[in-house]
file structure11.txt (compact mmCIF, C-alpha atoms)
# COMPACT_ATOMS: atom_id res chain seq x y z
CA MET A 74 98.85 107.56 82.80
CA MET A 75 95.61 105.69 83.61
CA THR A 76 96.26 103.04 80.98
CA ASP A 77 99.84 102.68 82.21
CA LEU A 78 98.62 102.20 85.77
CA TYR A 79 96.12 99.49 84.87
CA LEU A 80 98.59 97.60 82.71
CA LEU A 81 101.35 97.79 85.31
CA GLY A 82 98.86 96.78 87.98
CA LEU A 83 97.82 93.72 86.00
CA LEU A 84 101.44 92.76 85.40
CA SER A 85 102.06 93.09 89.13
CA ILE A 86 99.51 90.31 89.61
CA LYS A 87 101.00 88.01 86.98
CA GLU A 88 102.79 87.98 83.65
CA MET A 89 100.33 88.36 80.78
CA SER A 90 100.04 88.86 77.07
CA GLY A 91 98.49 91.98 75.62
CA TYR A 92 95.46 89.92 74.62
CA GLU A 93 94.99 88.62 78.18
CA MET A 94 95.15 92.18 79.53
CA GLU A 95 92.72 93.37 76.87
CA GLN A 96 90.21 90.64 77.75
CA TYR A 97 90.55 91.29 81.45
CA LEU A 98 89.96 95.02 81.00
CA LYS A 99 87.02 94.44 78.65
CA ASN A 100 85.40 92.03 81.10
CA MET A 101 85.88 94.57 83.88
CA MET A 102 84.27 97.27 81.69
CA ILE A 103 87.26 99.43 82.50
CA ASP A 104 86.36 101.85 79.71
CA SER A 105 83.16 102.73 81.60
CA TRP A 106 84.60 103.41 85.02
CA GLY A 107 88.37 103.29 84.79
CA GLY A 108 89.06 106.17 82.46
CA ILE A 109 90.83 104.22 79.72
CA LEU A 110 90.02 102.90 76.29
CA VAL A 111 90.73 99.20 75.98
CA GLY A 112 91.83 99.70 72.37
CA SER A 113 94.74 101.86 73.54
CA ILE A 114 96.55 99.13 75.46
CA TYR A 115 98.86 97.96 72.66
CA TYR A 116 100.12 101.49 72.12
CA ALA A 117 100.63 101.80 75.88
CA LEU A 118 102.44 98.43 76.04
CA ASN A 119 104.89 99.56 73.36
CA LYS A 120 105.47 102.83 75.20
CA LEU A 121 105.97 101.06 78.55
CA GLU A 122 108.40 98.62 76.95
CA LYS A 123 110.44 101.44 75.33
CA ARG A 124 110.70 103.16 78.72
CA ASP A 125 111.85 99.92 80.37
CA TYR A 126 108.80 99.75 82.66
CA ILE A 127 107.95 96.31 81.26
CA ARG A 128 109.82 93.69 79.27
CA VAL A 129 108.99 90.61 77.26
CA SER A 130 109.59 87.61 79.49
CA GLU A 131 108.58 85.00 76.94
CA ILE A 132 107.43 84.64 73.36
CA LYS A 133 104.94 81.86 72.77
CA SER A 134 104.48 80.53 69.26
CA THR A 135 101.26 79.03 68.00
CA GLY A 136 101.69 78.13 64.35
CA LYS A 137 102.81 81.28 62.59
CA ARG A 138 101.55 83.51 65.39
CA GLN A 139 103.76 84.76 68.18
CA THR A 140 102.48 86.10 71.48
CA LYS A 141 104.56 88.28 73.75
CA ILE A 142 104.23 87.68 77.49
CA TYR A 143 105.10 90.78 79.49
CA GLU A 144 106.42 91.29 83.00
CA ILE A 145 106.86 94.43 85.04
CA THR A 146 110.41 95.66 85.74
CA GLU A 147 111.74 97.27 88.90
CA LEU A 148 111.61 100.63 87.12
CA GLY A 149 108.00 99.85 86.21
CA LYS A 150 107.16 99.20 89.86
CA VAL A 151 108.53 102.63 90.78
CA TYR A 152 106.56 104.27 87.95
CA LYS A 153 103.41 102.39 88.99
CA LYS A 154 103.71 103.83 92.52
CA GLU A 155 104.12 107.32 91.05
CA CYS A 156 100.94 106.79 89.01
CA ILE A 157 99.05 105.58 92.09
CA VAL A 158 100.07 108.62 94.12
CA LYS A 159 99.17 110.97 91.26
CA CYS A 160 95.71 109.38 90.97
CA LEU A 161 95.12 109.68 94.71
CA VAL A 162 96.27 113.32 94.83
CA GLU A 163 94.49 114.72 91.77
CA SER A 164 90.88 115.74 92.21
CA GLN A 165 88.42 114.79 89.50
CA ASN A 166 84.75 115.58 89.19
CA SER A 167 82.58 113.62 86.80
CA TYR A 168 78.98 114.46 86.18
CA PRO A 169 76.38 113.06 83.79
CA THR A 170 76.73 116.17 81.61
CA TYR A 171 74.47 114.96 78.81
CA LEU A 172 71.70 114.27 81.29
CA PHE A 173 72.18 117.64 82.99
CA SER A 174 72.23 119.45 79.64
CA GLY A 175 69.04 117.77 78.48
CA ALA A 176 67.37 118.52 81.82
CA MET A 177 68.18 122.23 81.44
CA PHE A 178 65.99 122.40 78.32
CA ILE A 179 63.45 119.73 79.19
CA ASN A 180 60.55 122.19 78.85
CA GLU A 181 61.10 122.15 75.09
CA LEU A 182 59.67 118.62 74.93
CA GLU A 183 56.24 117.14 75.42
CA LYS A 184 55.66 115.21 78.64
CA GLU A 185 55.51 111.89 76.78
CA GLU A 186 58.81 112.59 74.99
CA VAL A 187 60.50 113.31 78.31
CA THR A 188 59.21 110.22 80.08
CA GLU A 189 60.05 107.99 77.09
CA ALA A 190 63.59 109.38 76.88
CA LEU A 191 64.20 109.14 80.62
CA ASN A 192 62.78 105.62 80.80
CA THR A 193 65.19 104.67 78.01
CA GLN A 194 67.97 106.22 80.09
CA LEU A 195 66.87 104.12 83.10
CA GLN A 196 66.88 100.94 81.01
CA THR A 197 70.35 101.75 79.69
CA GLN A 198 71.55 102.46 83.20
CA ASN A 199 70.12 99.17 84.48
CA THR A 200 71.96 97.31 81.72
CA HIS A 201 75.17 99.20 82.50
CA LEU A 202 74.82 98.45 86.21
CA GLU A 203 74.35 94.75 85.51
CA LEU A 204 77.44 94.75 83.31
CA MET A 205 79.37 96.46 86.10
CA LYS A 206 78.29 93.78 88.55
CA ASN A 207 79.37 91.11 86.06
CA GLY A 208 82.72 92.90 85.80
CA GLU A 209 83.08 92.84 89.55
CA ARG A 210 82.41 89.10 89.58
CA GLU A 211 84.90 88.68 86.72
CA LYS A 212 87.59 90.51 88.68
CA GLY A 213 87.01 88.10 91.54
CA GLN A 214 87.84 85.21 89.21
CA TYR A 215 91.21 86.68 88.20
CA ALA A 216 92.45 87.95 91.52
CA ASP A 217 91.49 88.34 95.14
CA VAL A 218 89.21 91.32 95.54
CA SER A 219 90.56 93.64 98.19
CA PRO A 220 88.35 95.52 100.65
CA ILE A 221 89.30 98.72 98.76
CA THR A 222 88.05 97.21 95.50
CA ASP A 223 84.81 96.22 97.22
CA LEU A 224 84.50 99.75 98.56
CA THR A 225 85.11 101.15 95.06
CA PHE A 226 82.41 99.03 93.48
CA ASN A 227 79.99 99.96 96.28
CA TYR A 228 80.75 103.64 95.66
CA ILE A 229 80.02 103.20 91.94
CA TYR A 230 76.74 101.46 92.74
CA GLN A 231 75.74 104.28 95.11
CA LEU A 232 76.48 106.87 92.40
CA GLU A 233 74.39 104.88 89.95
CA GLU A 234 71.53 104.73 92.45
CA LEU A 235 71.70 108.50 92.98
CA LYS A 236 71.50 108.98 89.22
CA ARG A 237 68.51 106.61 89.03
CA GLN A 238 66.76 108.55 91.78
CA TYR A 239 67.49 111.86 90.02
CA ILE A 240 65.97 110.55 86.79
CA GLN A 241 62.92 109.17 88.61
CA ASP A 242 62.48 112.52 90.39
CA ILE A 243 62.57 114.35 87.05
CA ILE A 244 59.93 111.98 85.65
CA CYS A 245 57.72 112.65 88.68
CA LEU A 246 58.13 116.42 88.33
CA VAL A 247 57.32 116.28 84.61
CA GLU A 248 54.27 114.14 85.27
CA GLY A 249 53.10 116.68 87.85
CA GLU A 250 53.78 114.57 90.92
CA ASN A 251 55.79 115.67 93.91
CA ALA A 252 59.23 114.10 93.53
CA ASN A 253 59.49 113.46 97.27
CA GLU A 254 56.31 111.38 97.22
CA SER A 255 57.93 108.88 94.82
CA ASN A 256 60.64 107.95 97.34
call {"tool": "encode", "arguments": {"input": "structure11.txt", "output": "structure tokens"}}
result
Amino acid sequence: MMTDLYLLGLLSIKEMSGYEMEQYLKNMMIDSWGGILVGSIYYALNKLEKRDYIRVSEIKSTGKRQTKIYEITELGKVYKKECIVKCLVESQNSYPTYLFSGAMFINELEKEEVTEALNTQLQTQNTHLELMKNGEREKGQYADVSPITDLTFNYIYQLEELKRQYIQDIICLVEGENANESN
């Protein structure tokens, strides 16, 4: 359903090829925050086409290669609305379960091992956050960014900051400092 929603949403903006949608979703890092795997879009496109949610509006030929350009159908617009409502209604909790699991057994490691691992986690998170910000800028190039989209990105950034603070607090506790003093 999530892949369907993103593809139908993109086709609501403009007609696109599968490759264009794939590039857009990759640039947005949709696999990190949107709950879909970019590699699954061609399967989803075929499924959406079979269900008459999308149709091929044009076939472009470049040499021996043909590219299908898709458009959303009226039935697809109805299905897209159903997907939106389902996403808004269903509750979902996501937690950094690997981090929590490792923290449960952190006493099994030496202090240096913990700080090295958590500093690696912070570096990875910083890289991820920068990629997310690049994705946000990329989205702004393809379409107008709505206030809801801005709010969504801000929410993601706040979650990432909470995670950073949690990791920094663990490091302080492991190093024998009071976590509240590091704030």
call {"tool": "residues_around", "arguments": {"input": "structure11.txt", "residues": "Tyr239 (chain A)", "least_positions_apart": "3", "cutoff": "12 Å", "atoms": "only C-alpha atoms", "output": "list in words"}}
result
Pro169, Leu172, Phe173, Ala176, Leu191, Gln194, Leu195, Leu232, Glu233, Glu234, Leu235, Lys236, Asp242, Ile243, Ile244, Cys245, Leu246, Ala252, Asn253, Ser255 and Asn256 of chain A
call {"tool": "residues_around", "arguments": {"input": "structure11.txt", "residues": "region 100-109 of chain A", "least_positions_apart": "2", "cutoff": "10 Å", "atoms": "only C-alpha atoms", "output": "PyMOL selection string"}}
result
chain A and resi 74-77+79+94-98+111-114+201+204-212+226+229
call {"tool": "atom_distance", "arguments": {"input": "structure11.txt", "atom1": "CA of Leu224 (chain A)", "atom2": "CA of Lys99 (chain A)"}}
result
20.8 Å
call {"tool": "closest_residue", "arguments": {"input": "structure11.txt", "among": "A:Pro220, A:Gln165, A:Glu181, A:Gly175", "to": "Ile240 (chain A)", "atoms": "only C-alpha atoms"}}
result
A:Gly175
call {"tool": "atom_distance", "arguments": {"input": "structure11.txt", "atom1": "CA of Leu80 (chain A)", "atom2": "CA of Gln198 (chain A)"}}
result
27.5 Å
call {"tool": "closest_residue", "arguments": {"input": "structure11.txt", "among": "A:Ile179, A:Leu84, A:Leu202, A:Cys160", "to": "Ile127 (chain A)", "atoms": "only C-alpha atoms"}}
result
A:Leu84
call {"tool": "closest_residue", "arguments": {"input": "structure11.txt", "among": "A:Glu147, A:Glu88, A:Leu118, A:Ile157", "to": "Ser130 (chain A)", "atoms": "all atoms listed in the file"}}
result
A:Glu88
call {"tool": "axis_aligned_box", "arguments": {"input": "structure11.txt", "around": "region 149-165 of chain A", "padding_each_side": "6 Å", "output": "lines of an AutoDock Vina configuration file"}}
result
center_x = 98.5
center_y = 107.5
center_z = 90.5
size_x = 32.1
size_y = 28.5
size_z = 20.6
call {"tool": "atom_distance", "arguments": {"input": "structure11.txt", "atom1": "CA of Ser90 (chain A)", "atom2": "CA of Lys141 (chain A)"}}
result
5.6 Å
call {"tool": "closest_residue", "arguments": {"input": "structure11.txt", "among": "A:Arg128, A:Arg237, A:Lys123, A:Lys184", "to": "Thr146 (chain A)", "atoms": "only C-alpha atoms"}}
result
A:Arg128
call {"tool": "decode", "arguments": {"input": "structure11.txt", "residues": "region 170-190 of chain A", "atoms": "C-alpha atoms", "output": "short mmCIF file (atom, residue, chain, number, x, y, z; two decimals), in the first residue's frame"}}
result
data_model
loop_
_atom_site.label_atom_id
_atom_site.label_comp_id
_atom_site.auth_asym_id
_atom_site.auth_seq_id
_atom_site.Cartn_x
_atom_site.Cartn_y
_atom_site.Cartn_z
CA THR A 170 15.21 -1.39 18.21
CA TYR A 171 18.83 -2.28 17.47
CA LEU A 172 20.01 0.63 19.59
CA PHE A 173 17.62 -0.27 22.41
CA SER A 174 18.66 -3.93 22.28
CA GLY A 175 22.35 -3.08 22.42
CA ALA A 176 21.74 -0.65 25.28
CA MET A 177 20.02 -3.40 27.31
CA PHE A 178 23.28 -5.39 27.37
CA ILE A 179 25.76 -2.53 27.28
CA ASN A 180 27.40 -3.67 30.54
CA GLU A 181 28.87 -6.62 28.64
CA LEU A 182 31.29 -4.25 26.87
CA GLU A 183 34.27 -2.22 27.98
CA LYS A 184 33.75 1.53 28.28
CA GLU A 185 35.95 2.20 25.22
CA GLU A 186 33.99 -0.30 23.10
CA VAL A 187 30.73 1.39 24.04
CA THR A 188 31.91 4.92 23.30
CA GLU A 189 33.52 3.85 20.01
CA ALA A 190 30.34 2.06 18.89
#
